[in-house]
file coords.cif (mmCIF, C-alpha atoms)
data_query
loop_
_atom_site.label_atom_id
_atom_site.label_comp_id
_atom_site.auth_asym_id
_atom_site.auth_seq_id
_atom_site.Cartn_x
_atom_site.Cartn_y
_atom_site.Cartn_z
CA MET A 1 114.72 61.12 108.95
CA ASP A 2 115.25 57.37 109.37
CA LEU A 3 111.67 56.15 109.60
CA LYS A 4 112.86 53.22 111.72
CA ASN A 5 113.58 55.73 114.47
CA SER A 6 110.28 57.58 114.17
CA LYS A 7 109.09 55.76 117.29
CA ASP A 8 111.46 58.03 119.22
CA LEU A 9 109.50 61.15 118.27
CA PRO A 10 107.88 62.89 121.27
CA GLY A 11 104.16 62.37 121.66
CA LYS A 12 103.46 66.10 121.35
CA THR A 13 105.34 66.18 118.04
CA ILE A 14 103.22 63.32 116.69
CA GLU A 15 100.12 65.22 117.78
CA ARG A 16 101.26 68.36 115.99
CA LEU A 17 102.19 66.41 112.84
CA SER A 18 98.60 65.19 112.63
CA GLN A 19 97.38 68.76 113.05
CA TYR A 20 99.83 70.02 110.40
CA ARG A 21 98.50 67.45 107.96
CA ARG A 22 94.90 68.48 108.56
CA ILE A 23 95.81 72.11 107.88
CA LEU A 24 97.82 71.13 104.79
CA TYR A 25 94.84 69.22 103.35
CA ASN A 26 92.74 72.35 103.80
CA SER A 27 95.42 74.40 102.07
CA ILE A 28 95.36 72.07 99.05
CA HIS A 29 91.59 72.49 98.81
CA GLU A 30 92.19 76.24 98.76
CA GLY A 31 94.49 75.80 95.75
CA LYS A 32 97.81 76.34 97.53
CA THR A 33 100.95 74.37 96.64
CA ASN A 34 103.40 75.82 99.15
CA VAL A 35 103.25 76.95 102.75
CA TYR A 36 105.64 78.78 105.05
CA SER A 37 106.47 77.95 108.66
CA HIS A 38 104.99 81.24 109.88
CA GLU A 39 101.68 80.39 108.15
CA LEU A 40 101.47 76.98 109.83
CA ALA A 41 102.47 78.58 113.12
CA ARG A 42 99.75 81.22 112.89
CA MET A 43 97.03 78.67 112.13
CA MET A 44 98.05 76.51 115.09
CA ASN A 45 98.94 79.25 117.58
CA LEU A 46 102.57 78.13 117.64
CA THR A 47 105.85 79.87 116.96
CA PRO A 48 107.57 79.46 113.57
CA VAL A 49 110.55 78.09 115.49
CA GLN A 50 108.41 75.25 116.89
CA VAL A 51 107.11 74.38 113.42
CA ARG A 52 110.60 74.31 111.93
CA ARG A 53 111.87 72.23 114.84
CA ASP A 54 109.11 69.64 114.36
CA LEU A 55 109.74 69.38 110.63
CA MET A 56 113.50 69.15 111.12
CA LEU A 57 112.89 66.21 113.45
CA ILE A 58 111.28 64.32 110.57
CA GLY A 59 114.02 65.35 108.16
CA TYR A 60 112.10 67.90 106.12
CA SER A 61 113.27 71.39 105.32
CA GLY A 62 111.85 74.03 103.05
CA SER A 63 113.35 76.95 101.20
CA GLN A 64 113.34 80.58 102.18
CA SER A 65 111.78 81.59 98.88
CA LYS A 66 109.07 78.90 98.52
CA GLY A 67 108.59 77.48 102.00
CA TYR A 68 107.40 73.86 102.14
CA LEU A 69 105.90 71.85 99.28
CA ILE A 70 102.51 70.85 100.66
CA LYS A 71 102.09 67.54 98.85
CA ASP A 72 105.59 66.38 99.75
CA LEU A 73 105.09 67.29 103.40
CA ILE A 74 101.72 65.50 103.55
CA SER A 75 103.33 62.40 102.04
CA LEU A 76 106.20 62.40 104.53
CA ILE A 77 103.91 62.91 107.53
CA GLY A 78 101.78 60.01 106.29
CA LYS A 79 104.82 57.72 106.07
CA ILE A 80 105.67 58.54 109.66
CA ILE A 81 102.34 58.47 111.49
CA ASP A 82 100.28 56.08 109.34
CA SER A 83 100.53 52.29 109.42
CA LYS A 84 101.47 50.34 106.30
CA GLU A 85 98.40 48.21 106.87
CA PRO A 86 95.00 49.74 107.77
CA GLN A 87 94.25 49.80 111.48
CA LYS A 88 90.80 49.02 112.82
CA VAL A 89 89.10 50.87 115.66
CA ALA A 90 86.17 49.95 117.91
CA ILE A 91 83.97 52.38 119.81
CA VAL A 92 82.31 51.36 123.07
CA GLY A 93 79.21 53.33 124.03
CA MET A 94 76.82 54.33 121.26
CA GLY A 95 74.97 57.14 122.96
CA ASN A 96 74.89 60.65 121.47
CA LEU A 97 78.64 61.16 121.82
CA GLY A 98 79.57 57.75 120.43
CA ARG A 99 77.33 58.21 117.41
CA ALA A 100 78.64 61.72 116.78
CA ILE A 101 82.28 60.60 116.90
CA THR A 102 81.60 57.64 114.62
CA SER A 103 79.74 59.74 112.07
CA TYR A 104 82.40 62.46 112.13
CA PHE A 105 85.38 60.15 111.71
CA THR A 106 83.99 57.93 108.96
CA GLY A 107 86.02 58.48 105.79
CA LYS A 108 88.49 60.90 107.38
CA ARG A 109 91.52 58.57 107.04
CA GLU A 110 92.13 55.72 104.61
CA ARG A 111 94.23 53.60 106.97
CA LEU A 112 92.30 54.20 110.17
CA SER A 113 88.63 53.32 110.42
CA ILE A 114 85.96 52.55 113.01
CA VAL A 115 84.67 49.09 112.07
CA ALA A 116 82.77 47.95 115.17
CA ALA A 117 80.67 49.45 117.94
CA PHE A 118 79.51 48.09 121.30
CA ASP A 119 76.79 49.03 123.75
CA ASN A 120 75.05 47.45 126.76
CA ASP A 121 71.61 48.36 125.38
CA THR A 122 70.12 45.23 123.81
CA GLN A 123 68.01 47.45 121.52
CA LYS A 124 71.21 48.67 119.86
CA ALA A 125 72.88 45.27 119.44
CA ASN A 126 72.81 43.55 116.04
CA ARG A 127 72.09 46.83 114.28
CA ILE A 128 74.00 49.20 112.02
CA ILE A 129 74.44 52.49 113.87
CA ALA A 130 76.16 55.48 112.24
CA GLY A 131 77.26 53.12 109.48
CA VAL A 132 78.97 50.64 111.83
CA PRO A 133 77.82 47.20 113.07
CA CYS A 134 76.90 47.46 116.76
CA HIS A 135 77.32 44.49 119.11
CA HIS A 136 76.39 43.93 122.71
CA VAL A 137 79.26 44.82 125.04
CA ASN A 138 79.39 41.22 126.25
CA GLN A 139 80.73 40.27 122.81
CA LEU A 140 83.88 42.36 123.16
CA LYS A 141 86.17 39.41 123.89
CA GLU A 142 84.95 37.56 120.81
CA VAL A 143 84.63 40.33 118.24
CA LEU A 144 87.82 42.32 118.90
CA PRO A 145 90.29 39.44 118.38
CA ALA A 146 88.28 38.07 115.46
CA GLU A 147 88.43 41.48 113.71
CA ASN A 148 92.03 42.14 114.80
CA ILE A 149 91.02 45.41 116.44
CA LYS A 150 93.74 46.95 118.63
CA ILE A 151 92.39 50.47 119.22
CA ALA A 152 89.24 51.44 121.13
CA ILE A 153 87.36 54.67 121.81
CA LEU A 154 85.61 54.74 125.17
CA THR A 155 82.41 56.80 125.51
CA VAL A 156 80.54 54.88 128.21
CA ALA A 157 78.92 56.18 131.40
CA PRO A 158 81.41 57.01 134.19
CA GLU A 159 80.27 54.14 136.42
CA ALA A 160 81.01 51.63 133.65
CA THR A 161 84.44 52.97 132.68
CA TYR A 162 86.67 50.73 134.79
CA ASP A 163 84.81 47.51 133.98
CA VAL A 164 84.73 48.19 130.25
CA ALA A 165 88.38 49.26 130.19
CA LYS A 166 89.33 45.95 131.84
CA MET A 167 87.29 44.08 129.21
CA LEU A 168 89.15 45.94 126.47
CA LEU A 169 92.53 45.14 127.94
CA ASP A 170 91.58 41.48 128.39
CA ALA A 171 90.56 41.41 124.73
CA GLY A 172 93.99 42.60 123.60
CA ILE A 173 93.39 46.29 123.01
CA LYS A 174 96.68 48.23 122.81
CA GLY A 175 95.39 51.80 122.49
CA ILE A 176 92.50 53.53 124.27
CA LEU A 177 91.06 56.98 123.57
CA ASN A 178 89.12 57.77 126.74
CA TYR A 179 86.29 60.28 126.35
CA THR A 180 84.82 59.57 129.78
CA SER A 181 85.29 61.78 132.84
CA VAL A 182 87.02 58.93 134.70
CA PRO A 183 90.85 58.84 134.48
CA LEU A 184 92.30 55.45 133.66
CA SER A 185 95.53 53.64 134.45
CA VAL A 186 96.79 51.12 131.92
CA PRO A 187 99.66 48.62 132.00
CA GLU A 188 102.95 49.12 130.20
CA GLY A 189 102.63 48.49 126.50
CA VAL A 190 99.14 49.99 126.29
CA PHE A 191 98.79 53.55 125.03
CA LEU A 192 96.23 55.90 126.55
CA GLU A 193 94.85 59.25 125.44
CA GLU A 194 92.31 60.96 127.70
CA TYR A 195 90.05 63.77 126.58
CA ASP A 196 87.80 65.44 129.11
CA ILE A 197 85.43 67.96 127.52
CA VAL A 198 84.57 69.51 130.90
CA THR A 199 88.23 70.14 131.72
CA SER A 200 88.81 71.72 128.30
CA LEU A 201 85.82 74.02 128.72
CA GLU A 202 86.89 74.98 132.24
CA LYS A 203 90.35 75.85 130.89
CA LEU A 204 88.80 78.09 128.24
CA ALA A 205 86.45 79.65 130.79
CA PHE A 206 89.39 80.43 133.08
CA PHE A 207 91.29 82.35 130.40
CA VAL A 208 88.15 84.17 129.27
CA LYS A 209 87.50 85.15 132.89
CA GLN A 210 91.06 86.42 133.28
CA ASP A 211 90.80 88.47 130.09
CA MET A 212 87.51 90.01 131.21
CA GLN A 213 89.02 90.91 134.57
CA ASP A 214 92.01 92.53 132.86
CA GLN A 215 89.69 94.64 130.73
CA ALA A 216 87.50 95.70 133.65
#
call {"tool": "encode", "arguments": {"input": "coords.cif", "output": "structure tokens"}}
result
Amino acid sequence: MDLKNSKDLPGKTIERLSQYRRILYNSIHEGKTNVYSHELARMMNLTPVQVRRDLMLIGYSGSQSKGYLIKDLISLIGKIIDSKEPQKVAIVGMGNLGRAITSYFTGKRERLSIVAAFDNDTQKANRIIAGVPCHHVNQLKEVLPAENIKIAILTVAPEATYDVAKMLLDAGIKGILNYTSVPLSVPEGVFLEEYDIVTSLEKLAFFVKQDMQDQA
């Protein structure tokens, strides 16, 4: 694939490529060198056809006898979805969820790291929390441009979501991962991912309920 045109890849494909890479890393730790499309499909609850289609989009094909070379596929996925230069991330809201996300993500990716945190609690400002310097939220407009941070994770209380999101946009943020229960609208040129834990659990509960009813 011409990496110059990788920006044309569908968002869902990019999401799956990240998931493929995570699975491939696990496979390497298990001592595997090759993987087949049906194995990736089974681990991600996809069809082998979908896996092959995604990998064809990035110009990678395996062999019928050996499948895909894991290290080569990891390298190609990295060239497509990673930046040449490391990207910095800020997290706003250092309650239980914010701390958990920061602790979990630290060290997961070489070129993507959480380097700053913000909170409106003065007791948390000017401290290192979960390994990251925490600032008062009023310092957003100064710290983000100074650190060249373009991505933010939002884990604030629902009533603060709109105000904080506006502060992020005013500070030049170009990508927001919204973990709050409040849906956001962002201007063109800003990328938004929203993750609502309640909605995900309700979706799971619905299918479990349906299965239980079918078995009754």
call {"tool": "atom_distance", "arguments": {"input": "coords.cif", "atom1": "atom CA of A:Ile149", "atom2": "atom CA of A:Asp82"}}
result
15.8 Å
call {"tool": "atom_distance", "arguments": {"input": "coords.cif", "atom1": "atom CA of A:Gly172", "atom2": "atom CA of A:Val190"}}
result
9.4 Å
call {"tool": "residues_around", "arguments": {"input": "coords.cif", "residues": "A:Ala90", "least_positions_apart": "4", "cutoff": "9 Å", "atoms": "only C-alpha atoms", "output": "MDAnalysis selection string"}}
result
chainID A and resid 113:118 144 149:154
call {"tool": "residues_around", "arguments": {"input": "coords.cif", "residues": "A:Thr180", "least_positions_apart": "5", "cutoff": "9 Å", "atoms": "all atoms listed in the file", "output": "list of chain:residue names"}}
result
A:Leu154, A:Thr155, A:Val156, A:Ala157, A:Pro158, A:Thr161, A:Glu194, A:Tyr195, A:Asp196, A:Ile197
call {"tool": "resolve_selection", "arguments": {"input": "coords.cif", "expression": "the PyMOL selection byres ((chain A and resi 94-111) around 12)", "output": "PyMOL selection string"}}
result
chain A and resi 18+21-22+25+78-79+81-93+112-125+127-137+152-157+177-180+197
call {"tool": "atom_distance", "arguments": {"input": "coords.cif", "atom1": "atom CA of A:Leu46", "atom2": "atom CA of A:Ile176"}}
result
27.4 Å
call {"tool": "residues_near_point", "arguments": {"input": "coords.cif", "point": "(114.2, 76.8, 101.1)", "cutoff": "12 Å", "atoms": "only C-alpha atoms", "output": "list in words"}}
result
Asn34, Val35, Tyr36, Ser37, Arg52, Tyr60, Ser61, Gly62, Ser63, Gln64, Ser65, Lys66, Gly67, Tyr68 and Leu69 of chain A
call {"tool": "closest_residue", "arguments": {"input": "coords.cif", "among": "A:Pro48, A:Gly31, A:Gly11, A:Gly59", "to": "A:Leu192", "atoms": "only C-alpha atoms"}}
result
A:Gly11
call {"tool": "axis_aligned_box", "arguments": {"input": "coords.cif", "around": "stretch 207-215 of chain A", "padding_each_side": "5 Å", "output": "AutoDock Vina command-line options"}}
result
--center_x 89.8 --center_y 88.5 --center_z 131.9 --size_x 14.5 --size_y 22.3 --size_z 15.3
call {"tool": "decode", "arguments": {"input": "coords.cif", "residues": "stretch 195-216 of chain A", "atoms": "N, CA and C atoms", "output": "PDB file, in the first residue's frame"}}
result
ATOM      1  N   TYR A 195     -16.455   6.993  24.273  1.00  0.00           N
ATOM      2  CA  TYR A 195     -16.615   5.666  24.872  1.00  0.00           C
ATOM      3  C   TYR A 195     -17.459   5.788  26.132  1.00  0.00           C
ATOM      4  N   ASP A 196     -18.623   5.195  26.076  1.00  0.00           N
ATOM      5  CA  ASP A 196     -19.554   5.249  27.200  1.00  0.00           C
ATOM      6  C   ASP A 196     -19.647   3.856  27.816  1.00  0.00           C
ATOM      7  N   ILE A 197     -19.089   3.692  29.005  1.00  0.00           N
ATOM      8  CA  ILE A 197     -19.070   2.391  29.664  1.00  0.00           C
ATOM      9  C   ILE A 197     -20.487   1.883  29.930  1.00  0.00           C
ATOM     10  N   VAL A 198     -21.395   2.790  30.314  1.00  0.00           N
ATOM     11  CA  VAL A 198     -22.774   2.387  30.611  1.00  0.00           C
ATOM     12  C   VAL A 198     -23.439   1.810  29.367  1.00  0.00           C
ATOM     13  N   THR A 199     -23.264   2.489  28.235  1.00  0.00           N
ATOM     14  CA  THR A 199     -23.858   2.011  26.985  1.00  0.00           C
ATOM     15  C   THR A 199     -23.305   0.632  26.612  1.00  0.00           C
ATOM     16  N   SER A 200     -22.004   0.445  26.773  1.00  0.00           N
ATOM     17  CA  SER A 200     -21.395  -0.845  26.451  1.00  0.00           C
ATOM     18  C   SER A 200     -21.948  -1.949  27.338  1.00  0.00           C
ATOM     19  N   LEU A 201     -22.099  -1.659  28.621  1.00  0.00           N
ATOM     20  CA  LEU A 201     -22.646  -2.661  29.536  1.00  0.00           C
ATOM     21  C   LEU A 201     -24.107  -2.956  29.225  1.00  0.00           C
ATOM     22  N   GLU A 202     -24.873  -1.921  28.885  1.00  0.00           N
ATOM     23  CA  GLU A 202     -26.274  -2.136  28.528  1.00  0.00           C
ATOM     24  C   GLU A 202     -26.387  -2.991  27.273  1.00  0.00           C
ATOM     25  N   LYS A 203     -25.479  -2.797  26.325  1.00  0.00           N
ATOM     26  CA  LYS A 203     -25.475  -3.609  25.106  1.00  0.00           C
ATOM     27  C   LYS A 203     -25.221  -5.073  25.458  1.00  0.00           C
ATOM     28  N   LEU A 204     -24.218  -5.308  26.306  1.00  0.00           N
ATOM     29  CA  LEU A 204     -23.933  -6.675  26.727  1.00  0.00           C
ATOM     30  C   LEU A 204     -25.124  -7.277  27.472  1.00  0.00           C
ATOM     31  N   ALA A 205     -25.712  -6.491  28.378  1.00  0.00           N
ATOM     32  CA  ALA A 205     -26.843  -6.982  29.160  1.00  0.00           C
ATOM     33  C   ALA A 205     -28.019  -7.354  28.270  1.00  0.00           C
ATOM     34  N   PHE A 206     -28.224  -6.581  27.202  1.00  0.00           N
ATOM     35  CA  PHE A 206     -29.319  -6.861  26.269  1.00  0.00           C
ATOM     36  C   PHE A 206     -29.137  -8.233  25.619  1.00  0.00           C
ATOM     37  N   PHE A 207     -27.926  -8.507  25.120  1.00  0.00           N
ATOM     38  CA  PHE A 207     -27.696  -9.774  24.435  1.00  0.00           C
ATOM     39  C   PHE A 207     -27.730 -10.952  25.408  1.00  0.00           C
ATOM     40  N   VAL A 208     -27.246 -10.734  26.637  1.00  0.00           N
ATOM     41  CA  VAL A 208     -27.335 -11.787  27.643  1.00  0.00           C
ATOM     42  C   VAL A 208     -28.796 -12.083  27.968  1.00  0.00           C
ATOM     43  N   LYS A 209     -29.597 -11.013  28.081  1.00  0.00           N
ATOM     44  CA  LYS A 209     -31.024 -11.181  28.354  1.00  0.00           C
ATOM     45  C   LYS A 209     -31.696 -11.971  27.233  1.00  0.00           C
ATOM     46  N   GLN A 210     -31.378 -11.606  25.981  1.00  0.00           N
ATOM     47  CA  GLN A 210     -31.982 -12.298  24.847  1.00  0.00           C
ATOM     48  C   GLN A 210     -31.614 -13.775  24.845  1.00  0.00           C
ATOM     49  N   ASP A 211     -30.347 -14.076  25.166  1.00  0.00           N
ATOM     50  CA  ASP A 211     -29.892 -15.465  25.181  1.00  0.00           C
ATOM     51  C   ASP A 211     -30.612 -16.245  26.269  1.00  0.00           C
ATOM     52  N   MET A 212     -30.786 -15.615  27.432  1.00  0.00           N
ATOM     53  CA  MET A 212     -31.467 -16.292  28.537  1.00  0.00           C
ATOM     54  C   MET A 212     -32.928 -16.562  28.191  1.00  0.00           C
ATOM     55  N   GLN A 213     -33.555 -15.614  27.484  1.00  0.00           N
ATOM     56  CA  GLN A 213     -34.940 -15.799  27.085  1.00  0.00           C
ATOM     57  C   GLN A 213     -35.074 -16.916  26.073  1.00  0.00           C
ATOM     58  N   ASP A 214     -34.079 -17.021  25.179  1.00  0.00           N
ATOM     59  CA  ASP A 214     -34.110 -18.080  24.161  1.00  0.00           C
ATOM     60  C   ASP A 214     -33.952 -19.458  24.789  1.00  0.00           C
ATOM     61  N   GLN A 215     -33.205 -19.507  25.899  1.00  0.00           N
ATOM     62  CA  GLN A 215     -32.972 -20.794  26.546  1.00  0.00           C
ATOM     63  C   GLN A 215     -34.099 -21.195  27.487  1.00  0.00           C
ATOM     64  N   ALA A 216     -34.939 -20.212  27.839  1.00  0.00           N
ATOM     65  CA  ALA A 216     -36.018 -20.491  28.804  1.00  0.00           C
ATOM     66  C   ALA A 216     -37.096 -21.380  28.177  1.00  0.00           C
TER      67      ALA A 216
END
